[in-house]
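Peer 1: This one is target15.txt, compact mmCIF, C-alpha atoms and all ligand atoms.
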```txt
# COMPACT_ATOMS: atom_id res chain seq x y z
CA MET A 23 -5.75 31.26 -22.48
CA PRO A 24 -7.03 32.38 -19.14
CA PHE A 25 -5.37 32.91 -15.83
CA ARG A 26 -3.29 31.03 -13.37
CA LEU A 27 -5.01 30.32 -10.07
CA VAL A 28 -3.34 31.05 -6.79
CA LEU A 29 -2.20 27.73 -5.46
CA VAL A 30 -3.69 27.23 -2.02
CA THR A 31 -3.41 23.50 -1.63
CA VAL A 32 -0.71 21.13 -2.70
CA ALA A 33 -1.91 17.87 -4.17
CA CYS A 34 1.37 16.09 -3.54
CA ALA A 35 -0.36 12.72 -3.45
CA THR A 36 -1.28 13.24 -7.08
CA LEU A 37 2.30 13.84 -8.09
CA ALA A 38 3.39 10.78 -6.16
CA THR A 39 1.10 8.61 -8.22
CA ILE A 40 2.43 9.73 -11.57
CA GLY A 41 3.84 6.79 -13.43
CA PHE A 42 2.13 4.31 -11.13
CA VAL A 43 -1.50 4.80 -12.08
CA ALA A 44 -2.90 2.34 -14.57
CA CYS A 45 -5.55 3.51 -17.01
CA SER A 46 -8.28 1.02 -16.29
CA ASP A 47 -10.27 1.38 -19.51
CA THR A 48 -7.34 1.95 -21.82
CA PRO A 49 -5.89 -1.10 -23.54
CA ASP A 50 -2.11 -1.21 -23.64
CA PRO A 51 -1.06 1.10 -26.45
CA PRO A 52 1.43 -0.09 -29.05
CA THR A 53 5.08 0.39 -28.26
CA SER A 54 6.31 3.92 -28.63
CA PRO A 55 7.87 5.35 -30.60
CA VAL A 56 5.83 4.22 -33.57
CA PRO A 57 8.21 3.32 -36.44
CA ASP A 58 8.79 6.18 -38.90
CA THR A 59 7.34 4.12 -41.72
CA LEU A 60 3.99 3.89 -39.94
CA ARG A 61 3.41 7.55 -39.28
CA PRO A 62 4.16 10.95 -40.84
CA ARG A 63 6.51 13.46 -39.25
CA PHE A 64 4.80 16.64 -38.13
CA ASP A 65 5.51 19.62 -40.40
CA GLY A 66 6.23 22.51 -38.03
CA GLY A 67 6.89 24.97 -40.87
CA ALA A 68 3.46 24.33 -42.31
CA ALA A 69 1.92 24.86 -38.87
CA GLN A 70 3.75 28.18 -38.47
CA ALA A 71 2.28 29.25 -41.84
CA LEU A 72 -1.16 28.35 -40.49
CA ILE A 73 -0.58 30.71 -37.57
CA GLU A 74 0.35 33.52 -39.96
CA ARG A 75 -2.79 32.87 -41.99
CA GLN A 76 -5.01 33.05 -38.90
CA VAL A 77 -3.47 36.29 -37.65
CA ALA A 78 -3.99 37.77 -41.12
CA PHE A 79 -7.75 37.36 -40.65
CA GLY A 80 -7.53 39.86 -37.82
CA PRO A 81 -8.67 39.11 -34.27
CA ARG A 82 -11.01 36.10 -34.09
CA ILE A 83 -13.46 37.70 -31.68
CA PRO A 84 -17.04 36.38 -31.63
CA ASN A 85 -19.47 38.57 -33.65
CA ARG A 86 -16.58 40.18 -35.62
CA GLN A 87 -15.53 39.73 -39.25
CA GLY A 88 -12.17 38.02 -38.58
CA HIS A 89 -14.03 35.40 -36.54
CA ALA A 90 -16.49 34.73 -39.36
CA ASP A 91 -13.70 34.61 -41.95
CA GLN A 92 -11.64 32.15 -39.96
CA LEU A 93 -14.67 29.92 -39.30
CA ALA A 94 -15.39 29.68 -43.04
CA TRP A 95 -11.70 28.99 -43.74
CA MET A 96 -11.48 26.22 -41.14
CA LEU A 97 -14.67 24.56 -42.32
CA ALA A 98 -13.57 24.65 -45.96
CA GLN A 99 -10.25 22.98 -45.13
CA LEU A 100 -11.63 20.39 -42.76
CA ASP A 101 -14.42 19.44 -45.18
CA THR A 102 -11.72 18.23 -47.58
CA LEU A 103 -9.67 16.44 -44.91
CA ALA A 104 -11.97 14.82 -42.34
CA ASP A 105 -14.59 12.09 -42.74
CA GLU A 106 -17.21 14.19 -40.96
CA VAL A 107 -17.30 17.85 -39.90
CA GLU A 108 -19.78 19.34 -37.48
CA ALA A 109 -20.31 23.05 -36.85
CA GLN A 110 -21.81 23.25 -33.37
CA ALA A 111 -23.36 26.74 -33.18
CA PHE A 112 -24.39 28.24 -29.85
CA THR A 113 -24.94 31.59 -28.19
CA HIS A 114 -24.06 33.11 -24.83
CA ASP A 115 -25.47 36.23 -23.19
CA HIS A 116 -22.53 38.09 -21.68
CA THR A 117 -22.87 38.24 -17.90
CA ARG A 118 -21.45 41.76 -17.53
CA ILE A 119 -22.24 43.55 -20.79
CA PRO A 120 -26.02 44.03 -21.04
CA GLY A 121 -27.44 43.23 -24.45
CA LEU A 122 -24.32 41.46 -25.75
CA THR A 123 -25.13 38.03 -27.15
CA LEU A 124 -22.06 36.20 -28.43
CA ARG A 125 -22.63 33.99 -31.48
CA MET A 126 -20.11 31.17 -31.51
CA THR A 127 -19.33 27.88 -33.20
CA ASN A 128 -17.37 24.85 -32.07
CA VAL A 129 -15.96 22.88 -34.97
CA ILE A 130 -15.57 19.11 -34.67
CA ALA A 131 -13.65 17.16 -37.33
CA ARG A 132 -14.03 13.38 -37.06
CA PHE A 133 -11.81 10.74 -38.57
CA ARG A 134 -13.27 7.18 -38.64
CA PRO A 135 -16.54 8.41 -37.08
CA GLU A 136 -17.80 4.81 -36.86
CA ALA A 137 -15.00 3.69 -34.51
CA GLU A 138 -16.04 3.09 -30.91
CA ARG A 139 -12.62 3.71 -29.37
CA ARG A 140 -11.84 7.41 -29.83
CA LEU A 141 -9.24 10.00 -28.91
CA LEU A 142 -10.05 13.71 -28.68
CA PHE A 143 -7.65 16.59 -29.28
CA LEU A 144 -8.79 20.17 -28.80
CA ALA A 145 -7.68 23.79 -28.97
CA HIS A 146 -9.51 27.12 -28.86
CA TRP A 147 -9.70 29.10 -32.09
CA ASP A 148 -11.13 32.39 -30.77
CA THR A 149 -8.97 35.25 -29.51
CA ARG A 150 -9.21 37.65 -26.59
CA PRO A 151 -11.01 40.97 -27.26
CA PHE A 152 -8.76 43.01 -24.97
CA ALA A 153 -5.02 42.80 -24.26
CA ASP A 154 -5.57 43.12 -20.52
CA GLN A 155 -2.00 42.21 -19.57
CA ALA A 156 -0.37 44.98 -21.67
CA ARG A 157 1.61 47.76 -20.01
CA THR A 158 -0.32 50.83 -21.16
CA ALA A 159 -4.02 51.70 -21.12
CA ALA A 160 -3.93 52.28 -24.89
CA GLU A 161 -2.50 48.81 -25.45
CA ARG A 162 -4.94 47.23 -23.05
CA ALA A 163 -7.81 48.56 -25.18
CA GLN A 164 -6.49 46.64 -28.21
CA PRO A 165 -7.42 43.07 -29.12
CA VAL A 166 -4.93 40.21 -28.79
CA PRO A 167 -3.66 39.11 -32.25
CA GLY A 168 -3.59 35.54 -30.95
CA ALA A 169 -0.62 34.02 -32.77
CA ASN A 170 0.16 31.84 -29.79
CA ASP A 171 -3.05 32.24 -27.76
CA GLY A 172 -5.57 30.57 -30.01
CA GLY A 173 -3.50 30.43 -33.19
CA SER A 174 -0.87 27.89 -32.16
CA GLY A 175 -3.12 25.09 -30.92
CA THR A 176 -5.47 25.59 -33.86
CA ALA A 177 -2.54 25.46 -36.29
CA VAL A 178 -1.22 22.22 -34.80
CA LEU A 179 -4.62 20.55 -35.03
CA LEU A 180 -5.26 21.74 -38.59
CA GLN A 181 -1.85 20.39 -39.58
CA VAL A 182 -2.65 17.10 -37.78
CA ALA A 183 -5.82 16.91 -39.91
CA ARG A 184 -3.69 17.21 -43.06
CA HIS A 185 -1.38 14.43 -41.89
CA LEU A 186 -4.34 12.21 -41.02
CA ALA A 187 -5.82 12.73 -44.48
CA ASP A 188 -2.47 12.08 -46.20
CA GLN A 189 -1.61 8.94 -44.26
CA PRO A 190 -4.49 7.40 -42.29
CA PRO A 191 -3.36 5.35 -39.27
CA ASN A 192 -3.38 1.59 -39.81
CA HIS A 193 -5.57 0.95 -36.78
CA ASN A 194 -9.25 1.43 -36.08
CA VAL A 195 -9.14 4.18 -33.48
CA GLY A 196 -11.31 7.19 -34.25
CA ILE A 197 -9.85 10.67 -33.90
CA ASP A 198 -11.87 13.78 -33.07
CA LEU A 199 -10.39 17.25 -33.45
CA LEU A 200 -12.36 19.88 -31.53
CA PHE A 201 -11.84 23.59 -32.18
CA THR A 202 -13.54 25.40 -29.33
CA ASP A 203 -14.95 28.90 -29.56
CA GLY A 204 -15.36 31.48 -26.79
CA GLU A 205 -12.50 30.27 -24.61
CA ASP A 206 -10.95 33.68 -24.16
CA TYR A 207 -13.73 36.29 -24.26
CA GLY A 208 -13.71 37.35 -20.63
CA PRO A 209 -12.82 39.43 -18.88
CA THR A 210 -13.71 36.94 -16.14
CA LEU A 211 -14.21 33.20 -16.05
CA ASP A 212 -18.01 33.66 -16.24
CA ASP A 213 -17.55 34.58 -19.89
CA MET A 214 -14.74 32.18 -20.78
CA LEU A 215 -14.43 28.47 -21.58
CA LEU A 216 -17.78 28.90 -23.35
CA GLY A 217 -17.26 26.44 -26.18
CA ALA A 218 -15.83 23.76 -23.93
CA ARG A 219 -18.76 24.14 -21.56
CA HIS A 220 -21.21 23.87 -24.43
CA TYR A 221 -19.43 20.83 -25.88
CA ALA A 222 -19.33 19.12 -22.47
CA ALA A 223 -23.05 19.78 -21.91
CA GLU A 224 -23.95 18.32 -25.30
CA ALA A 225 -21.59 15.32 -25.18
CA ASN A 226 -23.04 11.83 -24.83
CA PRO A 227 -21.36 10.22 -21.80
CA ASP A 228 -21.71 6.82 -23.48
CA GLU A 229 -19.51 8.01 -26.33
CA ALA A 230 -16.73 9.59 -24.29
CA PRO A 231 -13.25 9.34 -25.78
CA VAL A 232 -10.65 7.18 -24.05
CA TYR A 233 -8.98 10.45 -23.19
CA ALA A 234 -8.55 14.00 -24.49
CA VAL A 235 -5.59 16.36 -24.86
CA LEU A 236 -5.91 20.15 -24.92
CA LEU A 237 -3.30 22.31 -26.64
CA ASP A 238 -2.98 25.95 -25.59
CA LEU A 239 -0.08 28.39 -25.98
CA VAL A 240 2.05 25.77 -27.72
CA GLY A 241 4.19 27.98 -29.97
CA ASP A 242 6.56 29.94 -27.73
CA ALA A 243 10.24 30.26 -28.71
CA THR A 244 11.33 28.62 -25.45
CA PRO A 245 9.00 25.65 -24.95
CA SER A 246 8.18 24.40 -21.47
CA PHE A 247 5.15 22.27 -20.70
CA PRO A 248 5.21 21.33 -17.02
CA ALA A 249 2.37 18.97 -16.12
CA GLU A 250 -0.64 21.17 -15.36
CA ARG A 251 -2.22 20.59 -11.95
CA PHE A 252 -5.92 20.19 -12.84
CA SER A 253 -4.78 17.60 -15.39
CA LEU A 254 -2.83 15.78 -12.69
CA ASP A 255 -5.81 15.84 -10.33
CA PHE A 256 -8.47 14.79 -12.85
CA ALA A 257 -6.52 12.60 -15.26
CA PRO A 258 -3.15 11.50 -13.85
CA ASP A 259 -3.01 8.48 -16.13
CA VAL A 260 -3.51 10.68 -19.19
CA VAL A 261 -0.69 12.96 -18.05
CA SER A 262 1.46 9.90 -17.48
CA ARG A 263 0.79 8.67 -21.02
CA VAL A 264 1.24 12.02 -22.79
CA TRP A 265 4.32 13.09 -20.87
CA GLY A 266 5.71 9.56 -21.23
CA VAL A 267 5.34 9.74 -25.00
CA ALA A 268 7.09 13.13 -24.99
CA ALA A 269 9.98 11.53 -23.10
CA ASP A 270 10.05 8.60 -25.55
CA LEU A 271 10.49 11.13 -28.36
CA GLY A 272 13.40 12.82 -26.57
CA TYR A 273 11.43 15.82 -25.28
CA ALA A 274 11.63 15.09 -21.55
CA ASP A 275 13.37 18.42 -20.90
CA PHE A 276 10.39 20.28 -22.38
CA PHE A 277 7.79 18.17 -20.52
CA PRO A 278 8.71 18.13 -16.81
CA LEU A 279 6.27 16.35 -14.50
CA THR A 280 6.77 18.89 -11.74
CA GLY A 281 6.63 22.67 -11.54
CA GLY A 282 3.21 23.16 -13.11
CA SER A 283 0.34 25.36 -11.88
CA TYR A 284 -3.43 25.08 -11.72
CA ILE A 285 -4.61 26.80 -14.91
CA GLN A 286 -8.28 27.39 -15.69
CA ASP A 287 -8.73 26.30 -19.28
CA ASP A 288 -11.02 24.29 -21.56
CA HIS A 289 -9.94 21.00 -20.01
CA VAL A 290 -11.68 21.82 -16.72
CA PRO A 291 -15.30 21.66 -17.97
CA LEU A 292 -14.43 18.57 -19.98
CA ASN A 293 -12.93 16.81 -16.96
CA GLU A 294 -15.92 17.85 -14.85
CA ALA A 295 -18.14 16.18 -17.45
CA GLY A 296 -16.14 12.95 -17.25
CA ILE A 297 -13.96 13.48 -20.34
CA ARG A 298 -10.50 12.89 -18.90
CA THR A 299 -8.33 15.58 -20.40
CA ALA A 300 -4.71 16.69 -20.02
CA ASN A 301 -3.65 20.23 -20.90
CA ILE A 302 -0.39 20.80 -22.76
CA ILE A 303 0.21 24.48 -22.02
CA ASP A 304 3.24 26.75 -21.85
CA PHE A 305 2.11 29.44 -19.46
CA ASP A 306 5.35 31.37 -19.75
CA TYR A 307 5.05 33.19 -23.07
CA GLY A 308 8.06 35.43 -23.61
CA PRO A 309 10.35 36.51 -20.76
CA GLY A 310 8.30 36.51 -17.56
CA ASN A 311 5.13 35.69 -19.55
CA SER A 312 5.39 39.28 -20.89
CA LEU A 313 3.75 38.48 -24.26
CA TRP A 314 0.60 36.80 -22.92
CA HIS A 315 -2.61 38.79 -23.51
CA THR A 316 -0.74 41.66 -25.14
CA PRO A 317 -0.79 43.17 -28.66
CA ASP A 318 2.62 41.51 -29.14
CA ASP A 319 1.16 38.01 -29.38
CA LEU A 320 2.36 37.90 -32.98
CA PRO A 321 3.77 35.23 -35.33
CA ILE A 322 7.31 36.63 -34.92
CA HIS A 323 7.15 35.17 -31.41
CA THR A 324 6.06 31.66 -32.39
CA ARG A 325 8.37 28.96 -33.71
CA ALA A 326 8.00 26.10 -36.16
CA SER A 327 10.42 24.11 -33.99
CA THR A 328 8.12 24.35 -30.95
CA LEU A 329 5.00 23.53 -32.96
CA GLU A 330 6.88 20.51 -34.28
CA ILE A 331 7.59 19.20 -30.76
CA VAL A 332 3.93 19.40 -29.78
CA GLY A 333 2.74 18.09 -33.14
CA GLU A 334 5.09 15.12 -32.87
CA VAL A 335 3.67 14.23 -29.46
CA VAL A 336 0.12 14.42 -30.83
CA LEU A 337 0.94 12.31 -33.90
CA GLU A 338 2.72 9.74 -31.76
CA LEU A 339 -0.36 9.37 -29.53
CA ILE A 340 -2.65 9.14 -32.55
CA TYR A 341 -0.61 6.65 -34.56
CA ALA A 342 0.09 4.53 -31.46
CA GLY A 343 -3.68 4.33 -31.06
CA GLY A 344 -3.85 5.86 -27.62
ZN ZN A 401 -5.85 33.75 -23.54
```
If you took the structure in this file and wrote it as structure tokens, what would it be?
Peer 2:
Amino acid sequence: MPFRLVLVTVACATLATIGFVACSDTPDPPTSPVPDTLRPRFDGGAAQALIERQVAFGPRIPNRQGHADQLAWMLAQLDTLADEVEAQAFTHDHTRIPGLTLRMTNVIARFRPEAERRLLFLAHWDTRPFADQARTAAERAQPVPGANDGGSGTAVLLQVARHLADQPPNHNVGIDLLFTDGEDYGPTLDDMLLGARHYAAEANPDEAPVYAVLLDLVGDATPSFPAERFSLDFAPDVVSRVWGVAADLGYADFFPLTGGSYIQDDHVPLNEAGIRTANIIDFDYGPGNSLWHTPDDLPIHTRASTLEIVGEVVLELIYAGG
């Protein structure tokens, strides 16, 4: 995940509307929580194992072996779980490194592809080439292992795919899981959010999902997901729904509506393209965010219990139908 912007304006009007904005094109969702008999419980331990597996591939940096290995692994799994899997290949010429063309692939797994009403959940699967927030120059030259940054959101969505295959929802809402590539290449924003930009450019506006939810940095030992400010500006009703579901599940303390920042991430190009997207992000990884973009972004610092909280929110939204 990228960087926090300096907050220069305060969109207090946006905060004031939270909870009072109706989603005009969203039918009333079923009552939450969905009864236990109608949906699976998210398996946080299995998701933690999926993080460990990803880190074992090595850094998932475009054009490198670990990236290719993880892509093949994701496609093989999703082919057995989803109704339809698309590998959306694209390239990007790096804006600062002459001659470097990044070869990347977004992966889209669709459940009930024929359904008109759809929900989209996304996470980036690539990892950052350089640990630019590390303390020493030697560490800053190393890649980020990406247990939390890349690995956690991907693990939650892969585990969601397993649950969807095991116990399909008893409604006719289609679910799309989007694994974006090239979110974290950098070092600057010109060479980040690449997969989300490509997806947004290719998306058919007539087939936009009802809403989308981005997961990023969702595995920290001390979870905190304050409502992110671009999400509040672009999609306040989506934030209201997602954070409301978290509260229904007893997670209100982990999902405060205030205290968030503006964070440049994959949800920004999607929102700009009209796909209303909220970002569930914990931009405080380790004490004082000391683990973010460092070589210490390792599975010992992610927790099944945190992945379970986020996974439960996602499953609740999915099985409620929106
Ligand atoms: Zn990152």
Peer 1: So that I can check the surroundings of stretch 119-126 of chain A, please list as number ranges by chain every protein, DNA and RNA residue that reaches within 6 Å of it, counting all atoms listed in the file and ignoring chain neighbours fewer than 5 positions away.
Peer 2: A: 84-85, 111-114, 203
Peer 1: Give me a file of those residues, with C-alpha atoms, as an mmCIF file, in the frame of the given file.
Peer 2:
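Listing of result-v6.cif after writing:
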```cif
data_model
loop_
_atom_site.group_PDB
_atom_site.id
_atom_site.type_symbol
_atom_site.label_atom_id
_atom_site.label_comp_id
_atom_site.auth_asym_id
_atom_site.auth_seq_id
_atom_site.Cartn_x
_atom_site.Cartn_y
_atom_site.Cartn_z
ATOM 1 C CA PRO A 84 -17.040 36.380 -31.630
ATOM 2 C CA ASN A 85 -19.470 38.570 -33.650
ATOM 3 C CA ALA A 111 -23.360 26.740 -33.180
ATOM 4 C CA PHE A 112 -24.390 28.240 -29.850
ATOM 5 C CA THR A 113 -24.940 31.590 -28.190
ATOM 6 C CA HIS A 114 -24.060 33.110 -24.830
ATOM 7 C CA ASP A 203 -14.950 28.900 -29.560
#
```
Peer 1: Choose the residue, out of A:Ala109, A:Ile340, A:Ala156, A:Ile303, that has the smallest atom-to-atom separation from A:Ile197; count only C-alpha atoms.
Peer 2: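 Smallest separation from A:Ile197 among the options: A:Ile340.
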Peer 1: Name each residue within 10 Å of ligand ZN 401 (chain A), counting all atoms listed in the file, as a ChimeraX atom specification.
Peer 2: /A:23-25,146,148-154,166,168,170-172,205-208,214,238-239,287,305,314-316
Peer 1: Print the selection's residues with C-alpha atoms to a file, as a compact mmCIF listing (two decimals), keeping the file's coordinate frame.
Peer 2:
```txt
# COMPACT_ATOMS: atom_id res chain seq x y z
CA MET A 23 -5.75 31.26 -22.48
CA PRO A 24 -7.03 32.38 -19.14
CA PHE A 25 -5.37 32.91 -15.83
CA HIS A 146 -9.51 27.12 -28.86
CA ASP A 148 -11.13 32.39 -30.77
CA THR A 149 -8.97 35.25 -29.51
CA ARG A 150 -9.21 37.65 -26.59
CA PRO A 151 -11.01 40.97 -27.26
CA PHE A 152 -8.76 43.01 -24.97
CA ALA A 153 -5.02 42.80 -24.26
CA ASP A 154 -5.57 43.12 -20.52
CA VAL A 166 -4.93 40.21 -28.79
CA GLY A 168 -3.59 35.54 -30.95
CA ASN A 170 0.16 31.84 -29.79
CA ASP A 171 -3.05 32.24 -27.76
CA GLY A 172 -5.57 30.57 -30.01
CA GLU A 205 -12.50 30.27 -24.61
CA ASP A 206 -10.95 33.68 -24.16
CA TYR A 207 -13.73 36.29 -24.26
CA GLY A 208 -13.71 37.35 -20.63
CA MET A 214 -14.74 32.18 -20.78
CA ASP A 238 -2.98 25.95 -25.59
CA LEU A 239 -0.08 28.39 -25.98
CA ASP A 287 -8.73 26.30 -19.28
CA PHE A 305 2.11 29.44 -19.46
CA TRP A 314 0.60 36.80 -22.92
CA HIS A 315 -2.61 38.79 -23.51
CA THR A 316 -0.74 41.66 -25.14
```
Peer 1: Just give me the gap between atom CA of A:Gly67 and atom CA of A:Pro55 in Å, one decimal is fine.
Peer 2: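 Atom CA of A:Pro55 lies at a distance of 22.2 Å from atom CA of A:Gly67.
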Peer 1: Got a sec: who's within 12 Å of A:Trp265, counting all atoms listed in the file, leaving out chain neighbours fewer than 5 positions off, as a PDB file with C-alpha atoms, in the frame of the given file?
Peer 2:
```
ATOM      1  CA  ILE A  40       2.430   9.730 -11.570  1.00  0.00           C
ATOM      2  CA  GLY A  41       3.840   6.790 -13.430  1.00  0.00           C
ATOM      3  CA  VAL A 235      -5.590  16.360 -24.860  1.00  0.00           C
ATOM      4  CA  SER A 246       8.180  24.400 -21.470  1.00  0.00           C
ATOM      5  CA  PHE A 247       5.150  22.270 -20.700  1.00  0.00           C
ATOM      6  CA  PRO A 248       5.210  21.330 -17.020  1.00  0.00           C
ATOM      7  CA  ALA A 249       2.370  18.970 -16.120  1.00  0.00           C
ATOM      8  CA  GLU A 250      -0.640  21.170 -15.360  1.00  0.00           C
ATOM      9  CA  SER A 253      -4.780  17.600 -15.390  1.00  0.00           C
ATOM     10  CA  LEU A 254      -2.830  15.780 -12.690  1.00  0.00           C
ATOM     11  CA  PRO A 258      -3.150  11.500 -13.850  1.00  0.00           C
ATOM     12  CA  ASP A 259      -3.010   8.480 -16.130  1.00  0.00           C
ATOM     13  CA  VAL A 260      -3.510  10.680 -19.190  1.00  0.00           C
ATOM     14  CA  ASP A 270      10.050   8.600 -25.550  1.00  0.00           C
ATOM     15  CA  LEU A 271      10.490  11.130 -28.360  1.00  0.00           C
ATOM     16  CA  GLY A 272      13.400  12.820 -26.570  1.00  0.00           C
ATOM     17  CA  TYR A 273      11.430  15.820 -25.280  1.00  0.00           C
ATOM     18  CA  ALA A 274      11.630  15.090 -21.550  1.00  0.00           C
ATOM     19  CA  ASP A 275      13.370  18.420 -20.900  1.00  0.00           C
ATOM     20  CA  PHE A 276      10.390  20.280 -22.380  1.00  0.00           C
ATOM     21  CA  PHE A 277       7.790  18.170 -20.520  1.00  0.00           C
ATOM     22  CA  PRO A 278       8.710  18.130 -16.810  1.00  0.00           C
ATOM     23  CA  LEU A 279       6.270  16.350 -14.500  1.00  0.00           C
ATOM     24  CA  THR A 280       6.770  18.890 -11.740  1.00  0.00           C
ATOM     25  CA  ALA A 300      -4.710  16.690 -20.020  1.00  0.00           C
ATOM     26  CA  ASN A 301      -3.650  20.230 -20.900  1.00  0.00           C
ATOM     27  CA  ILE A 302      -0.390  20.800 -22.760  1.00  0.00           C
ATOM     28  CA  VAL A 332       3.930  19.400 -29.780  1.00  0.00           C
ATOM     29  CA  VAL A 335       3.670  14.230 -29.460  1.00  0.00           C
ATOM     30  CA  VAL A 336       0.120  14.420 -30.830  1.00  0.00           C
ATOM     31  CA  GLU A 338       2.720   9.740 -31.760  1.00  0.00           C
ATOM     32  CA  LEU A 339      -0.360   9.370 -29.530  1.00  0.00           C
TER      33      LEU A 339
END
```
Peer 1: At what distance in Å, to one decimal, does atom CA of A:Leu179 lie from atom CA of A:Glu294?
Peer 2: 23.3 Å
Peer 1: With all atoms listed in the file as the atoms that count, which of A:Pro135, A:Gly296, A:Pro317, A:Pro309 lies nearest to A:Ala169?
Peer 2: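 Using all atoms listed in the file, the shortest distance to A:Ala169 belongs to A:Pro317.
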Peer 1: For atom CA of A:Val107 and atom CA of A:Pro227, quote the distance in Å rounded to one decimal.
Peer 2: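 Those two atoms sit 20.1 Å apart.
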Peer 1: Excluding same-chain residues fewer than 6 positions from A:Pro167, what lies within 7 Å of it counting all atoms listed in the file, as a list in words?
Peer 2: Val77, Gly80, Pro81, Pro317, Asp319 and Leu320 of chain A
Peer 1: Just C-alpha atoms for this one: save the residues we selected as a short mmCIF file (atom, residue, chain, number, x, y, z; two decimals), in the frame of the given file.
Peer 2:
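Wrote it out as part-v9.cif, contents follow:
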```cif
data_model
loop_
_atom_site.label_atom_id
_atom_site.label_comp_id
_atom_site.auth_asym_id
_atom_site.auth_seq_id
_atom_site.Cartn_x
_atom_site.Cartn_y
_atom_site.Cartn_z
CA VAL A 77 -3.47 36.29 -37.65
CA GLY A 80 -7.53 39.86 -37.82
CA PRO A 81 -8.67 39.11 -34.27
CA PRO A 317 -0.79 43.17 -28.66
CA ASP A 319 1.16 38.01 -29.38
CA LEU A 320 2.36 37.90 -32.98
#
```
Peer 1: If you count all atoms listed in the file, which residues fall within 7 Å of stretch 215-222 of chain A, apart from same-chain ones fewer than 2 positions away, as a list of chain:residue names?
Peer 2: A:Asn128, A:Thr202, A:Asp203, A:Gly204, A:Glu205, A:Asp206, A:Asp213, A:Glu224, A:Ala225, A:Asp287, A:Asp288, A:Pro291, A:Leu292, A:Ala295
Peer 1: Would you mind exporting the chosen residues as a short mmCIF file (atom, residue, chain, number, x, y, z; two decimals), in the frame of the given file, restricted to C-alpha atoms?
Peer 2:
```cif
data_model
loop_
_atom_site.label_atom_id
_atom_site.label_comp_id
_atom_site.auth_asym_id
_atom_site.auth_seq_id
_atom_site.Cartn_x
_atom_site.Cartn_y
_atom_site.Cartn_z
CA ASN A 128 -17.37 24.85 -32.07
CA THR A 202 -13.54 25.40 -29.33
CA ASP A 203 -14.95 28.90 -29.56
CA GLY A 204 -15.36 31.48 -26.79
CA GLU A 205 -12.50 30.27 -24.61
CA ASP A 206 -10.95 33.68 -24.16
CA ASP A 213 -17.55 34.58 -19.89
CA GLU A 224 -23.95 18.32 -25.30
CA ALA A 225 -21.59 15.32 -25.18
CA ASP A 287 -8.73 26.30 -19.28
CA ASP A 288 -11.02 24.29 -21.56
CA PRO A 291 -15.30 21.66 -17.97
CA LEU A 292 -14.43 18.57 -19.98
CA ALA A 295 -18.14 16.18 -17.45
#
```
